[in-house]
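Below is one structure, written out as structure tokens; comments come after it.
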Amino acid sequence: MSEIPKLPRELPHHKLYHRLSPARRNRGVFADTWRFIMKSQRWSFDRMEGYVEKRLVEMVRHAARECPWYRQVFSDLGMDVEDFGCRLDLSLLPLIGRDELRDHVDEMVPDSQDRGELVFSATGGSSGIPVGFYRHKERTRAMESAFVTRFRTWAGASDTTREVICAGGVGDESERAQWAVDRRGNSLALASDDLNRLNFKWMLPLARKFKPRIFRGYPSAMAAFANLLLEAGETFPVEAVFTSSETLYDAQRKRIEEAFAAKVFDLYGHSERVIVAAECEKHEGYHVFSEYGLLEIVDENGSVIQEEGQVGEVVGTTLLHDYFPLIRYRTGDRAVYTARRCSCGRPFPLILRPDGRLQELLVTADDRRISMTSINRHDDLFAAVDQFQFHQREAGKAVLKVIPGPDYSDSERERIIASVTKHIGGDFALTIEVVESIEKTRIGKHRFLIQELEGI
Ligand SMILES: [Zn+2]
């Protein structure tokens with residue numbers, strides 16, 4: 001495909017539309033959240049702290065009254081619901097790891113919650129051990145969208161600012177496309193899974209023709225685009241670049257900022273939705289969105305870190321999602337503690353770069369890079385396996401090692417292969433091997449992908 005495709009092109013499938021734009025099907029929830037958080041970001045630190053403590057107490061008491069899991073926790077501790085009265089009490093409660101979440105997820109839903117309003121998702125999470133969690137059909141996306149839109153305003157953009165998106169595939173397995181424009185015509189999505197030298201030849205002019213004010217995507221995809229630009233001796237000046245979903249490395253940030261002549265604004269979040277943190281225009285660290293979730297950083301013994309510069313695991317308590325109150329959830333991600341405050345004056349604590357999530361990219365025979373983040377997007381792809389890990393020694397080929405769960409079967413195996421290879425596209429040879437254990441790194445961290453390729 002060397003010809004530049006014609007713009008605009010309407011998307012044929014509604015799923016693409018929802019994937020491309022912040023869906024605001026529930027406009028009331030979006031508007032309420034938006035109004036509140038645009039005001040609260042101007043509060044003083046003390047006022048925000050007071051709000052966080054009040055919401056925390058409400059959320060924990062709600063969970064302890066309504067959810068079988070937390071009722072049991074309180075009963076084991078010999079605590080009454082009313083005994084939980086301030087932020088300091090949080091350290092009395094146990095941390096929730098992936099195993100607890102996996103084995104007790106249904107006990108963490110409030111008794112009074114209508115389950116018909118919830119959707120269950122099981123993704124690879126960020127550790128390769130699939131975890132399931134609930135989100136609300138209407139509310140989750142609308143609230144999330146309000147927070148992301150506020151973040152965009154920190155870079156001088158809004159939710160409708162014209163943008164090019166490079167974040168994995170475009171569409172889903174039922175309908176794969178290399179590019180698409182959303183219905184409102186505000187965003188052009190390019191399939192970064194298909195980005196290689198050959199496709200760059202039409203992707204670049206297409207993107208230029210779209211005249212975006214911002215670029216948004218996975219760090220790996222944005223860095224690949226930046227490298228191709230610089231390699232061609234070109235730049236693509238925009239007002240800002242937004243990145244999320246993977247660790248952003250310093251070298252990538254530099255390349256992206258050079259190629260796009262703009263600052264990178266990085267956002268950290270995860271599918272379990274307890275913590276969101278993002279950079280403001282001062283770039284002095286990541287602001288933890290206080291109204292969204294309460295952050296703790298803990299050491300390997302689970303003790304809360306309060307020492308400048310110390311690295312630990314991100315533990316989050318939702319202050320937002322009362323339909324599924326995750327309290328002290330261990331995300332498996334790492335961040336650096338700091339007591340410093342940002343010179344922008346916004347009342348949010350800072351953390352330094354969450355540096356724990358490895359970028360892992362499968363390489364295809366035609367030299368495309370497929371981010372594991374984009375493969376893990378599928379809601380229930382790995383639901384029937386206890387753990388998985390890709391192994392790649394040769395471009396265009398991989399072995400997926402799985403520890404099967406009770407529901408694993410030949411048809412599940414076929415479904416995983418079909419879905420992953422379809423997602424990757426082209427000729428990709430995937431085989432599945434059932435194993436009893438899965439290799440970890442020296443520091444004991446699980447990896448999605450073990451790769452021994454030349455020159456990667
Ligand atoms: Zn700031």
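We label chains A, B, ... in the order they appear in the structure tokens, count residues from 1 in each chain, and number ligands from 1 in the order shown.
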**OP:** Identify, counting only C-alpha atoms and all ligand atoms, the protein, DNA and RNA residues located within 8 Å of ligand 1, and give them as a count of residues only.
**Re:** 16
Original post:
Can you list, as number ranges by chain, every protein, DNA or RNA residue that comes within 10 Å of Ser371 in chain A when you count only C-alpha atoms, leaving out same-chain residues fewer than 5 positions away?
Top reply: A: 167-169, 192-193, 218-221, 246, 359-363, 376, 424
Original post:
Please, which residues of range 142-218 of chain A, numbered as in this document, come out helix (DSSP H, G or I) from DSSP, as a PyMOL selection string?
Top reply: chain A and resi 142-154+192-194+197-210
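The shell of residues at most 9 Å from Arg353 in chain A, with only C-alpha atoms counted and near chain neighbours (fewer than 6 positions) removed, consists of Thr247, Leu248, Tyr268, Gly285, Tyr286, Arg334, Ala335 and Val336 of chain A.
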Write the residues you've just listed into a file as a PDB file, in the first residue's frame, and include N, CA and C atoms for each of them.
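out-v6.pdb, written as the output of this step:
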ATOM      1  N   THR A 247       5.809   1.589  30.224  1.00  0.00           N
ATOM      2  CA  THR A 247       6.858   2.452  30.763  1.00  0.00           C
ATOM      3  C   THR A 247       7.413   3.326  29.651  1.00  0.00           C
ATOM      4  N   LEU A 248       7.594   4.591  29.973  1.00  0.00           N
ATOM      5  CA  LEU A 248       8.224   5.507  29.013  1.00  0.00           C
ATOM      6  C   LEU A 248       9.679   5.688  29.443  1.00  0.00           C
ATOM      7  N   TYR A 268       0.102   7.350  33.792  1.00  0.00           N
ATOM      8  CA  TYR A 268       0.207   5.998  34.319  1.00  0.00           C
ATOM      9  C   TYR A 268      -1.156   5.557  34.843  1.00  0.00           C
ATOM     10  N   GLY A 285       7.261  15.295  37.816  1.00  0.00           N
ATOM     11  CA  GLY A 285       6.878  13.991  38.362  1.00  0.00           C
ATOM     12  C   GLY A 285       5.458  13.695  37.910  1.00  0.00           C
ATOM     13  N   TYR A 286       4.889  12.619  38.475  1.00  0.00           N
ATOM     14  CA  TYR A 286       3.519  12.231  38.109  1.00  0.00           C
ATOM     15  C   TYR A 286       2.585  12.615  39.255  1.00  0.00           C
ATOM     16  N   ARG A 334       5.877  -0.456  40.034  1.00  0.00           N
ATOM     17  CA  ARG A 334       6.774   0.191  40.983  1.00  0.00           C
ATOM     18  C   ARG A 334       6.847   1.695  40.753  1.00  0.00           C
ATOM     19  N   ALA A 335       7.092   2.416  41.818  1.00  0.00           N
ATOM     20  CA  ALA A 335       7.223   3.873  41.718  1.00  0.00           C
ATOM     21  C   ALA A 335       8.182   4.351  42.795  1.00  0.00           C
ATOM     22  N   VAL A 336       8.645   5.576  42.624  1.00  0.00           N
ATOM     23  CA  VAL A 336       9.587   6.166  43.570  1.00  0.00           C
ATOM     24  C   VAL A 336       8.827   7.155  44.452  1.00  0.00           C
TER      25      VAL A 336
END
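Atom pair CA of Gln41 in chain A / CA of Arg213 in chain A has a distance of 24.8 Å (rounded to one decimal).
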Original post:
Excluding same-chain residues fewer than 2 positions from Glu313 in chain A, what lies within 8 Å of it counting only C-alpha atoms, as a PyMOL selection string?
Top reply: chain A and resi 297-300+311+315+330-335
Selected residues, N, CA and C atoms, written as a PDB file, in the first residue's frame, please.
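Wrote part_2.pdb, looks like this:
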ATOM      1  N   ILE A 297       2.919   3.536  48.680  1.00  0.00           N
ATOM      2  CA  ILE A 297       4.035   2.796  48.089  1.00  0.00           C
ATOM      3  C   ILE A 297       4.582   1.927  49.210  1.00  0.00           C
ATOM      4  N   VAL A 298       4.658   0.611  48.963  1.00  0.00           N
ATOM      5  CA  VAL A 298       5.076  -0.296  50.037  1.00  0.00           C
ATOM      6  C   VAL A 298       6.358  -1.027  49.676  1.00  0.00           C
ATOM      7  N   ASP A 299       7.110  -1.413  50.704  1.00  0.00           N
ATOM      8  CA  ASP A 299       8.335  -2.195  50.464  1.00  0.00           C
ATOM      9  C   ASP A 299       7.984  -3.678  50.371  1.00  0.00           C
ATOM     10  N   GLU A 300       9.002  -4.540  50.257  1.00  0.00           N
ATOM     11  CA  GLU A 300       8.696  -5.965  50.038  1.00  0.00           C
ATOM     12  C   GLU A 300       8.013  -6.617  51.227  1.00  0.00           C
ATOM     13  N   VAL A 311      12.224   3.224  46.315  1.00  0.00           N
ATOM     14  CA  VAL A 311      11.358   2.590  45.320  1.00  0.00           C
ATOM     15  C   VAL A 311      10.528   1.496  45.983  1.00  0.00           C
ATOM     16  N   VAL A 315       0.450   0.583  45.625  1.00  0.00           N
ATOM     17  CA  VAL A 315      -0.749  -0.018  46.208  1.00  0.00           C
ATOM     18  C   VAL A 315      -1.840   1.044  46.144  1.00  0.00           C
ATOM     19  N   ARG A 330      -2.552  -4.412  45.463  1.00  0.00           N
ATOM     20  CA  ARG A 330      -1.157  -4.374  44.993  1.00  0.00           C
ATOM     21  C   ARG A 330      -1.139  -4.449  43.478  1.00  0.00           C
ATOM     22  N   THR A 331      -0.666  -3.394  42.838  1.00  0.00           N
ATOM     23  CA  THR A 331      -0.741  -3.338  41.377  1.00  0.00           C
ATOM     24  C   THR A 331       0.367  -4.121  40.693  1.00  0.00           C
ATOM     25  N   GLY A 332       1.450  -4.412  41.434  1.00  0.00           N
ATOM     26  CA  GLY A 332       2.592  -5.075  40.804  1.00  0.00           C
ATOM     27  C   GLY A 332       3.510  -4.078  40.097  1.00  0.00           C
ATOM     28  N   ASP A 333       3.123  -2.802  40.060  1.00  0.00           N
ATOM     29  CA  ASP A 333       3.959  -1.764  39.432  1.00  0.00           C
ATOM     30  C   ASP A 333       4.811  -1.080  40.492  1.00  0.00           C
ATOM     31  N   ARG A 334       5.877  -0.456  40.034  1.00  0.00           N
ATOM     32  CA  ARG A 334       6.774   0.191  40.983  1.00  0.00           C
ATOM     33  C   ARG A 334       6.847   1.695  40.753  1.00  0.00           C
ATOM     34  N   ALA A 335       7.092   2.416  41.818  1.00  0.00           N
ATOM     35  CA  ALA A 335       7.223   3.873  41.718  1.00  0.00           C
ATOM     36  C   ALA A 335       8.182   4.351  42.795  1.00  0.00           C
TER      37      ALA A 335
END
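Take the candidates A:Ser437, A:Pro237, A:Ala384, A:Arg150 and check each one against Arg415 in chain A using only C-alpha atoms; the shortest distance goes to A:Ala384.
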**OP:** DSSP on the backbone, then: every residue of range 13-205 of chain A marked strand (DSSP E or B), written as a ChimeraX atom specification.
**Re:** /A:96,118-123,131-136,163-166,170-172,175-177,179-181,187-190
Restricted to N, CA and C atoms, what would the selected residues look like written as a compact mmCIF listing (two decimals), in the first residue's frame?
# COMPACT_ATOMS: atom_id res chain seq x y z
N ILE A 96 -4.27 -6.53 49.26
CA ILE A 96 -4.92 -7.53 48.39
C ILE A 96 -4.00 -7.77 47.21
N LEU A 118 -22.75 -4.58 35.87
CA LEU A 118 -21.29 -4.75 35.84
C LEU A 118 -20.84 -5.63 34.68
N VAL A 119 -19.61 -5.44 34.28
CA VAL A 119 -18.99 -6.30 33.27
C VAL A 119 -17.75 -6.90 33.91
N PHE A 120 -17.56 -8.19 33.71
CA PHE A 120 -16.36 -8.83 34.25
C PHE A 120 -15.28 -8.88 33.17
N SER A 121 -14.09 -8.45 33.52
CA SER A 121 -12.98 -8.52 32.57
C SER A 121 -11.86 -9.34 33.19
N ALA A 122 -11.23 -10.17 32.39
CA ALA A 122 -10.03 -10.88 32.87
C ALA A 122 -8.93 -10.62 31.86
N THR A 123 -7.95 -9.87 32.25
CA THR A 123 -6.84 -9.58 31.33
C THR A 123 -5.56 -10.12 31.93
N VAL A 131 -5.92 -11.58 35.93
CA VAL A 131 -6.79 -11.25 37.06
C VAL A 131 -8.11 -10.75 36.51
N GLY A 132 -9.15 -11.07 37.24
CA GLY A 132 -10.47 -10.60 36.82
C GLY A 132 -10.91 -9.49 37.75
N PHE A 133 -11.69 -8.58 37.22
CA PHE A 133 -12.23 -7.50 38.05
C PHE A 133 -13.48 -7.00 37.36
N TYR A 134 -14.25 -6.22 38.11
CA TYR A 134 -15.50 -5.71 37.55
C TYR A 134 -15.39 -4.24 37.19
N ARG A 135 -16.07 -3.89 36.11
CA ARG A 135 -16.26 -2.47 35.86
C ARG A 135 -17.75 -2.22 35.60
N HIS A 136 -18.14 -0.98 35.74
CA HIS A 136 -19.55 -0.64 35.60
C HIS A 136 -19.82 -0.30 34.14
N GLU A 163 -6.27 14.83 16.88
CA GLU A 163 -5.12 14.02 17.27
C GLU A 163 -4.93 12.80 16.38
N VAL A 164 -3.68 12.34 16.36
CA VAL A 164 -3.37 11.06 15.72
C VAL A 164 -3.04 10.09 16.84
N ILE A 165 -3.63 8.90 16.77
CA ILE A 165 -3.46 7.89 17.82
C ILE A 165 -2.64 6.71 17.28
N CYS A 166 -1.60 6.33 18.00
CA CYS A 166 -0.80 5.15 17.65
C CYS A 166 -0.76 4.24 18.86
N VAL A 170 -6.04 -1.23 15.24
CA VAL A 170 -7.24 -0.42 15.04
C VAL A 170 -8.37 -1.42 14.80
N GLY A 171 -9.45 -1.28 15.56
CA GLY A 171 -10.54 -2.24 15.45
C GLY A 171 -10.26 -3.45 16.32
N ASP A 172 -10.99 -4.54 16.09
CA ASP A 172 -10.76 -5.74 16.87
C ASP A 172 -10.64 -6.92 15.92
N GLU A 175 -12.86 -7.09 13.01
CA GLU A 175 -12.70 -6.07 11.99
C GLU A 175 -11.39 -5.33 12.19
N ARG A 176 -10.40 -5.77 11.47
CA ARG A 176 -9.07 -5.20 11.62
C ARG A 176 -8.86 -4.17 10.53
N ALA A 177 -8.36 -3.00 10.93
CA ALA A 177 -8.09 -1.97 9.93
C ALA A 177 -6.69 -1.42 10.16
N TRP A 179 -6.04 1.84 9.58
CA TRP A 179 -6.25 3.20 10.05
C TRP A 179 -7.74 3.48 10.07
N ALA A 180 -8.15 4.49 10.81
CA ALA A 180 -9.56 4.87 10.86
C ALA A 180 -9.68 6.27 11.43
N VAL A 181 -10.74 6.94 11.04
CA VAL A 181 -11.04 8.26 11.59
C VAL A 181 -12.34 8.14 12.37
N SER A 187 -10.14 12.38 15.42
CA SER A 187 -8.94 11.58 15.62
C SER A 187 -8.73 10.59 14.48
N LEU A 188 -7.47 10.46 14.15
CA LEU A 188 -7.06 9.48 13.15
C LEU A 188 -6.25 8.43 13.89
N ALA A 189 -6.70 7.17 13.83
CA ALA A 189 -5.95 6.09 14.48
C ALA A 189 -5.13 5.36 13.43
N LEU A 190 -3.86 5.20 13.70
CA LEU A 190 -3.00 4.41 12.82
C LEU A 190 -2.64 3.13 13.58
**OP:** Compile the contact shell of range 80-90 of chain A as a ChimeraX atom specification: residues with an atom at most 8 Å away, counting only C-alpha atoms, same-chain residues fewer than 6 positions apart removed.
**Re:** /A:53-54,56-57,60-61,64-65,74
With N, CA and C atoms kept, could you save the residues just selected as a short mmCIF file (atom, residue, chain, number, x, y, z; two decimals), in the first residue's frame?
data_model
loop_
_atom_site.label_atom_id
_atom_site.label_comp_id
_atom_site.auth_asym_id
_atom_site.auth_seq_id
_atom_site.Cartn_x
_atom_site.Cartn_y
_atom_site.Cartn_z
N GLU A 53 -9.54 11.83 52.92
CA GLU A 53 -9.77 11.08 54.15
C GLU A 53 -11.26 10.75 54.32
N LYS A 54 -12.10 11.74 54.02
CA LYS A 54 -13.54 11.53 54.16
C LYS A 54 -14.02 10.44 53.20
N LEU A 56 -12.21 8.08 51.85
CA LEU A 56 -11.61 6.81 52.23
C LEU A 56 -12.44 6.13 53.31
N VAL A 57 -12.81 6.90 54.32
CA VAL A 57 -13.60 6.34 55.42
C VAL A 57 -14.94 5.84 54.87
N VAL A 60 -14.29 2.56 52.76
CA VAL A 60 -13.94 1.38 53.56
C VAL A 60 -15.17 0.90 54.35
N ARG A 61 -15.89 1.84 54.91
CA ARG A 61 -17.09 1.43 55.67
C ARG A 61 -18.13 0.79 54.75
N ALA A 64 -16.92 -2.66 54.07
CA ALA A 64 -17.01 -3.53 55.25
C ALA A 64 -18.46 -3.91 55.57
N ARG A 65 -19.39 -3.06 55.19
CA ARG A 65 -20.80 -3.38 55.42
C ARG A 65 -21.35 -4.27 54.32
N PHE A 74 -12.78 -7.58 58.38
CA PHE A 74 -13.05 -6.85 59.62
C PHE A 74 -13.30 -7.82 60.78
#
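One distance worth recording is that between CA of Ile351 in chain A and CA of Val288 in chain A, which is 7.1 Å.
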**OP:** Pick out the residues sitting within 10 Å of Met108 in chain A, and hand them over as a PyMOL selection string; count only C-alpha atoms, and ignore anything fewer than 3 positions along from it in its own chain.
**Re:** chain A and resi 63-64+66-71+101+104-105+111+133-134+323-327
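Residues lying within 8 Å of Arg368 in chain A, counting only C-alpha atoms and ignoring same-chain neighbours fewer than 2 positions away, are A:Asp193, A:Asp194, A:Leu195, A:Asn196, A:Val363, A:Thr364, A:Ala365, A:Asp366, A:Ile370.
Between CA of Thr338 in chain A and CA of Gly309 in chain A the separation is 5.9 Å.
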**OP:** May I ask which of the residues A:Tyr292, A:Tyr249, A:Phe242, A:Phe215 is the closest one to Ala277 in chain A, counting only C-alpha atoms?
**Re:** A:Tyr292
